[in-house]
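Data block below; observations after.
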Amino acid sequence: MLEIIAIGDQYQPVDPSEGLVNLKAAASEVCREHFRRIDRFTQMALIGSARCVEGTSLEPRTGLYIGSRFASLGNTTKVHEKMVSAGIVPKPAGFINTLSNAAGYFVARNLGLGHRNLFVSRGDASIVAALQLAAMDVATGAVSQALVGAVEEAILPLEHQRVRLGLEPGTEIGEGSHWLLVAPAGSANSLASVTEMITLVDEKALAKWLGELDPTTEYRVSLSPWTRQKMASTCLKSRQMLTDFDPALAAYPGHAAGALIRYLRSGAGQPLIVIAADTDGRFHAIVMRPNNQVSA
Amino acid sequence: MKHQTRPAIAPVKITASGIVSALGNGKAANLSGLFDDAAGAPGRLSLPHFEEPIDVPYHGVAGAPEPAEDRLHWLLDQAVSELLAEHPLTMEQRATIPVFIGSSCWGIGIAEESYRQQYRENPDTAIPLPLDGFSQISRYLQKEYGFHGADFALNTACTATANAILSATAAIAMGIHEHALVVGLEARNDTTLAGFHGMQLLAQDGMRPFDRQRDGLVLGEGCGAMLLSKCQPDDAGSLIWGGASNCDTFSISASNPDGSTIAAVMNEAMARSDLSHSDIRAIKAHGTATPLNDDGEAAGMRRAFDTVPPFFSMKAALGHTLGSCGLLEALLMAAAMPEGWLPASAGFSEADPSLGVAPISEPLKVEPGYYLLNFFGFGGNNSSLILRYQD
């Protein structure tokens with residue numbers, strides 16, 4: 001379906017006593033020009049995407065796909081706080097940055113990408129949606145390769161963030177910008193192949209799909225803390241060929257994308273199944289088969 | 001028409017559709033409004049929650065409930081129920097077909113209302129953006145109508161549903177699905193209205209796309225739903241024949257005024273549809289009546305075409321429905337073509353010599369053939385679609 005030919009990201013757990021990490025310097029380091037009035041979500045997108053394609057020559061027909069559950073959460077909450085508490089009309093820069101595709105614009109400008117450029121959301125499975133869109137465009141020739149990212153920004157206070165994410169009190173929160181450069185199936189220099197992306201209507205359908213996997217193949221499985229909350233333990237434990245992969249990431253909607261990259265860096269050779277639950281009872285899964293070309 | 005035309009990907013048919021907008025509820029009412037010169041005047045809307053009261057022009061939908069969540073659901077109900085009345089999908093079909101949604105507002109109005117309510121009760125504990133706005137439309141389509149398939153909540157500003165149509169077409173072309181549902185929605189909310197007011201982009205006396213006196217846009221509200229289906233290239237009716245999209249990195253809020261990127265997206269849409277410029281019978285322009293958009297679009301059309309085909313904008317009648325305009329305008333164009341006429345460019349009366357082109361001021365007789373539709377958005381996003389109509 002797709003070959004992953006480069007990866008890169010930026011991730012940090014959030015320590016509320018330290019506040020959010022200031023990303024200005026890291027963003028400036030990867031930018032070809034000085035972007036004024038960009039928000040933190042855009043900074044994260046710029047950093048992760050640049051790390052992914054560093055040393056890579058992008059084809060002219062490269063599409064850009066960003067998946068995110070909340071897009072520019074920090075900027076949009078600031079706009080709403082001022083609007084609701086003080087009746088202040090959004091300033092033009094603040095309003096423009098509430099647009100979900102503002103980050104995509106700056107990434108495109110930074111990397112010289114003038115082709116298809118999409119933002120998509122599907123809760124914690126936004127990376128699945130972004131990869132599916134990329135796969136459609138690659139398959140139909142609309143793009144020759146695709147730079148696909150999951151960007152998820154945390155904001156303080158964390159108690160509010162946990163409410164937004166439906167997480168249990170005390171759950172450790174993270175944030176990250178995880179990127180994959182993907183190309184058509186069979187492309188050279190593949191780090192891994194994405195062989196399946198599927199939406200399953202409920203846990204029964206998930207169990208049925210898992211039951212149809214090759215029982216002689218050893219699979220690793222990654223679940224986010226939110227997905228673990230939503231899934232009955234029997235679904236995985238009853239299948240001996242599935243063993244857990246813990247990417248050592250905190251809870252955030254980009255967990256699935258972070259797991260893909262952590263797994264490739266781990267050097268493990270078994271296929272990885274990443275499962276992300278959404279807030280409507282569905283499950284979205286990706287199957288990735290490494291080609292073991294990534295050093296830890 | 002070139003009957004041997006072979007687009008890069010297989011075309012898809014618009015099997016069924018539904019719409020609600022400021023022009024009315026349902027396709028018949030919308031078409032009637034689109035051809036009624038007197039129907040284009042916007043209403044006024046007061047936004048009472050700001051430090052100084054704001055009064056804006058607005059093409060709002062009549063009869064919709066006031067609470068934001070009820071309003072969003074009601075808008076969806078009008079469009080989806082018209083579509084399902086035309087083509088009643090079985091529950092098994094609904095459970096698996098992919099759903100491509102485009103919007104600029106998503107659940108932002110619901111989030112505003114919820115936060116405002118919490119803030120009134122206790123400012124110290126109120127949570128801004130307390131919900132996942134992007135999931136609101138999909139959740140309702142799942143819960144109320146059984147559309148549980150893979151959903152794609154696309155937001156590329158004013159090209160969101162044009163891009164949704166392109167992706168839905170690709171999904172069908174891959175051969176995995178027979179059908180795809182595309183939904184576009186723009187519902188009233190303070191963030192958008194105040195944001196455009198703050199950017200000084202709103203025209204107080206109605207939109208005049210490509211007119212010498214043009215001075216901005218009027219926002220609009222609406223919802224549309226379109227069922228796209230696998231078809232044969234020689235099928236009659238309205239087919240999505242192809243399209244393209246690109247990103248203009250000239251400016252986040254305006255296309256390159258030299259028209260180069262706009263010309264490029266139109267040229268790519270035609271190339272991917274295996275069409276030459278002379279195949280295009282007319283252009284549905286984006287036409288927002290802002291000086292920057294209309295200048296760039298006029299320059300793009302002149303750059304792409306030796307002889308610019310007849311063109312028109314619908315936005316003075318509908319309002320600028322932002323992320324949903326791709327679906328609403330394509331849907332209305334497809335609905336108008338079997339009736340034999342496309343509308344004159346609403347709001348236009350005086351040509352602007354600086355543009356070098358002028359839109360049509362009388363309805364255009366529809367002939368079988370190919371029609372190009374333009375959509376441009378903040379963030380540099382440009383999309384062009386090709387519709388083919390055949391009796």
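Please note that chains go A, B, ... in the order of the structure tokens, that every chain numbers its residues from 1, and that ligands are numbered from 1 in the order shown.
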Quick one: which residues from chain A are at most 7 Å off chain B, using only C-alpha atoms, as a PyMOL selection string? chain A and resi 70+77+80-81+84+86-92+95+99-102+105+108-109+114-123+129+133+136-137+140+160+164+199+201+280
Report as a list in words all protein, DNA and RNA residues lying within 10 Å of A:Gly170, evaluated on only C-alpha atoms, omitting residues in the same chain fewer than 3 positions from it. Leu158, Glu159, Arg162, Leu167 and Ile173 of chain A
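Across the model, the gap from atom CA of B:Leu181 to atom CA of B:Leu141 is 10.6 Å.
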Report as an MDAnalysis selection string all protein, DNA and RNA residues lying within 7 Å of stretch 17-31 of chain B, evaluated on only C-alpha atoms, omitting residues in the same chain fewer than 2 positions from it. chainID B and resid 33:35 59:62 75 78:80 82:83 221:227 318 332 336
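With distances taken over only C-alpha atoms, A:Asp9 is the one residue among A:Glu59, A:Asp124, A:Asp15, A:Asp9 lying closest to A:Leu46.
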Could you tell me, as a CSV table (one decimal) with N, CA and C atoms, in the first residue's frame, which residues of stretch 117-355 of chain B DSSP assigns to strand (DSSP E or B) when given the backbone?
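Heads up, here's the output in selection.csv:
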chain,number,residue,atom,x,y,z
B,151,ASP,N,-14.2,8.0,8.4
B,151,ASP,CA,-14.5,9.4,8.2
B,151,ASP,C,-13.3,10.3,8.1
B,152,PHE,N,-13.4,11.3,7.3
B,152,PHE,CA,-12.3,12.2,7.0
B,152,PHE,C,-12.8,13.6,7.3
B,153,ALA,N,-12.4,14.2,8.4
B,153,ALA,CA,-12.8,15.6,8.7
B,153,ALA,C,-11.8,16.5,8.1
B,154,LEU,N,-12.0,17.0,6.9
B,154,LEU,CA,-11.0,17.8,6.2
B,154,LEU,C,-11.3,19.3,6.5
B,156,THR,N,-9.4,22.6,5.1
B,156,THR,CA,-8.4,23.4,4.4
B,156,THR,C,-9.0,24.7,4.0
B,158,CYS,N,-11.5,27.4,2.8
B,158,CYS,CA,-12.6,27.5,1.9
B,158,CYS,C,-12.5,26.4,0.8
B,179,HIS,N,-19.5,3.6,-3.4
B,179,HIS,CA,-20.1,4.9,-3.0
B,179,HIS,C,-19.2,5.7,-2.0
B,180,ALA,N,-19.3,7.0,-2.0
B,180,ALA,CA,-18.7,7.8,-0.9
B,180,ALA,C,-19.7,8.9,-0.6
B,181,LEU,N,-19.8,9.2,0.7
B,181,LEU,CA,-20.7,10.3,1.1
B,181,LEU,C,-19.8,11.6,1.3
B,182,VAL,N,-20.2,12.7,0.7
B,182,VAL,CA,-19.4,13.9,1.0
B,182,VAL,C,-20.4,14.9,1.7
B,183,VAL,N,-20.0,15.5,2.7
B,183,VAL,CA,-20.8,16.4,3.5
B,183,VAL,C,-20.1,17.7,3.7
B,184,GLY,N,-20.8,18.9,3.5
B,184,GLY,CA,-20.2,20.2,3.8
B,184,GLY,C,-21.1,20.9,4.7
B,185,LEU,N,-20.5,21.6,5.7
B,185,LEU,CA,-21.4,22.3,6.6
B,185,LEU,C,-20.7,23.6,7.1
B,186,GLU,N,-21.5,24.6,7.1
B,186,GLU,CA,-21.0,25.9,7.8
B,186,GLU,C,-22.1,26.4,8.6
B,202,LEU,N,-15.6,42.1,5.5
B,202,LEU,CA,-17.0,42.0,5.3
B,202,LEU,C,-17.5,43.2,4.5
B,211,ASP,N,-16.9,42.9,-9.7
B,211,ASP,CA,-17.5,44.2,-10.0
B,211,ASP,C,-16.5,45.3,-9.6
B,217,LEU,N,-16.8,40.5,1.3
B,217,LEU,CA,-17.6,39.3,1.2
B,217,LEU,C,-18.7,39.4,2.3
B,219,LEU,N,-20.6,36.5,4.8
B,219,LEU,CA,-20.5,35.1,5.1
B,219,LEU,C,-21.9,34.4,5.0
B,220,GLY,N,-21.9,33.1,4.8
B,220,GLY,CA,-23.2,32.4,4.6
B,220,GLY,C,-23.2,31.1,5.4
B,222,GLY,N,-24.9,27.1,5.7
B,222,GLY,CA,-25.6,26.1,4.9
B,222,GLY,C,-25.0,24.7,5.1
B,223,CYS,N,-25.6,23.7,4.5
B,223,CYS,CA,-25.2,22.3,4.6
B,223,CYS,C,-25.6,21.6,3.3
B,224,GLY,N,-24.7,20.8,2.9
B,224,GLY,CA,-25.0,20.0,1.7
B,224,GLY,C,-24.4,18.6,1.9
B,225,ALA,N,-25.1,17.7,1.2
B,225,ALA,CA,-24.6,16.3,1.2
B,225,ALA,C,-24.7,15.7,-0.2
B,226,MET,N,-23.7,15.0,-0.6
B,226,MET,CA,-23.7,14.5,-2.0
B,226,MET,C,-23.2,13.0,-1.9
B,227,LEU,N,-23.9,12.2,-2.6
B,227,LEU,CA,-23.5,10.8,-2.7
B,227,LEU,C,-22.9,10.6,-4.0
B,228,LEU,N,-21.6,10.2,-4.0
B,228,LEU,CA,-20.8,9.9,-5.2
B,228,LEU,C,-20.8,8.4,-5.4
B,229,SER,N,-20.9,8.0,-6.7
B,229,SER,CA,-20.9,6.6,-7.0
B,229,SER,C,-20.1,6.2,-8.2
B,230,LYS,N,-19.6,5.0,-8.2
B,230,LYS,CA,-18.9,4.5,-9.3
B,230,LYS,C,-19.8,4.6,-10.6
B,237,GLY,N,-26.0,12.6,-17.1
B,237,GLY,CA,-26.1,13.3,-15.9
B,237,GLY,C,-24.8,14.1,-15.6
B,238,SER,N,-24.6,14.4,-14.3
B,238,SER,CA,-23.5,15.2,-13.8
B,238,SER,C,-22.4,14.3,-13.3
B,239,LEU,N,-21.3,14.3,-13.8
B,239,LEU,CA,-20.2,13.5,-13.3
B,239,LEU,C,-19.0,14.4,-12.8
B,240,ILE,N,-18.4,14.0,-11.7
B,240,ILE,CA,-17.2,14.6,-11.3
B,240,ILE,C,-16.1,14.0,-12.2
B,241,TRP,N,-15.6,14.8,-13.1
B,241,TRP,CA,-14.7,14.3,-14.1
B,241,TRP,C,-13.2,14.3,-13.6
B,242,GLY,N,-12.9,15.1,-12.7
B,242,GLY,CA,-11.5,15.2,-12.2
B,242,GLY,C,-11.3,16.5,-11.5
B,243,GLY,N,-10.0,16.8,-11.2
B,243,GLY,CA,-9.7,18.0,-10.5
B,243,GLY,C,-8.3,18.0,-10.0
B,244,ALA,N,-7.9,19.0,-9.3
B,244,ALA,CA,-6.6,19.1,-8.7
B,244,ALA,C,-6.6,20.1,-7.6
B,245,SER,N,-5.6,20.0,-6.8
B,245,SER,CA,-5.4,21.1,-5.8
B,245,SER,C,-3.9,21.3,-5.5
B,246,ASN,N,-3.6,22.5,-5.1
B,246,ASN,CA,-2.2,22.8,-4.8
B,246,ASN,C,-2.1,23.8,-3.7
B,247,CYS,N,-0.9,24.2,-3.3
B,247,CYS,CA,-0.7,25.1,-2.2
B,247,CYS,C,0.2,26.3,-2.7
B,280,ILE,N,-13.5,23.6,-22.1
B,280,ILE,CA,-14.2,24.2,-20.9
B,280,ILE,C,-15.3,25.1,-21.4
B,281,ARG,N,-16.5,24.8,-21.1
B,281,ARG,CA,-17.7,25.6,-21.6
B,281,ARG,C,-17.9,26.8,-20.7
B,282,ALA,N,-17.6,26.7,-19.4
B,282,ALA,CA,-17.8,27.8,-18.5
B,282,ALA,C,-17.1,27.5,-17.2
B,283,ILE,N,-16.8,28.6,-16.4
B,283,ILE,CA,-16.1,28.5,-15.2
B,283,ILE,C,-17.0,29.0,-14.1
B,284,LYS,N,-17.2,28.2,-13.0
B,284,LYS,CA,-17.8,28.7,-11.8
B,284,LYS,C,-16.6,29.2,-11.0
B,311,PHE,N,-17.8,33.0,-17.3
B,311,PHE,CA,-17.6,32.7,-15.9
B,311,PHE,C,-18.6,33.4,-15.0
B,312,PHE,N,-18.8,32.9,-13.8
B,312,PHE,CA,-19.8,33.5,-12.9
B,312,PHE,C,-19.4,33.1,-11.4
B,320,HIS,N,-20.7,33.6,1.4
B,320,HIS,CA,-19.5,32.7,1.3
B,320,HIS,C,-19.6,31.7,2.4
B,341,TRP,N,-30.0,25.9,-17.6
B,341,TRP,CA,-29.4,27.2,-17.5
B,341,TRP,C,-28.5,27.3,-16.3
B,342,LEU,N,-27.4,28.0,-16.4
B,342,LEU,CA,-26.6,28.4,-15.3
B,342,LEU,C,-26.8,29.8,-14.9
B,351,ALA,N,-18.4,46.3,-14.9
B,351,ALA,CA,-17.1,45.6,-15.2
B,351,ALA,C,-15.9,46.5,-14.6
Tell me, as a PDB file with C-alpha atoms, in the first residue's frame, which residues lie within 8 Å of A:Gln145, counting only C-alpha atoms; anything in the same chain fewer than 4 positions away does not count.
ATOM      1  CA  GLU A  59      10.064  15.142  -5.265  1.00  0.00           C
ATOM      2  CA  ARG A  61       4.891  16.295  -6.642  1.00  0.00           C
ATOM      3  CA  THR A  62       5.107  15.605  -2.910  1.00  0.00           C
ATOM      4  CA  GLY A  63       1.800  16.021  -1.090  1.00  0.00           C
ATOM      5  CA  VAL A 138      -0.429   8.127  -4.261  1.00  0.00           C
ATOM      6  CA  LEU A 181       7.682  10.343   4.256  1.00  0.00           C
ATOM      7  CA  VAL A 182       5.806   7.728   2.258  1.00  0.00           C
ATOM      8  CA  ALA A 183       6.017   6.531  -1.343  1.00  0.00           C
ATOM      9  CA  PRO A 184       4.172   4.050  -3.565  1.00  0.00           C
TER      10      PRO A 184
END
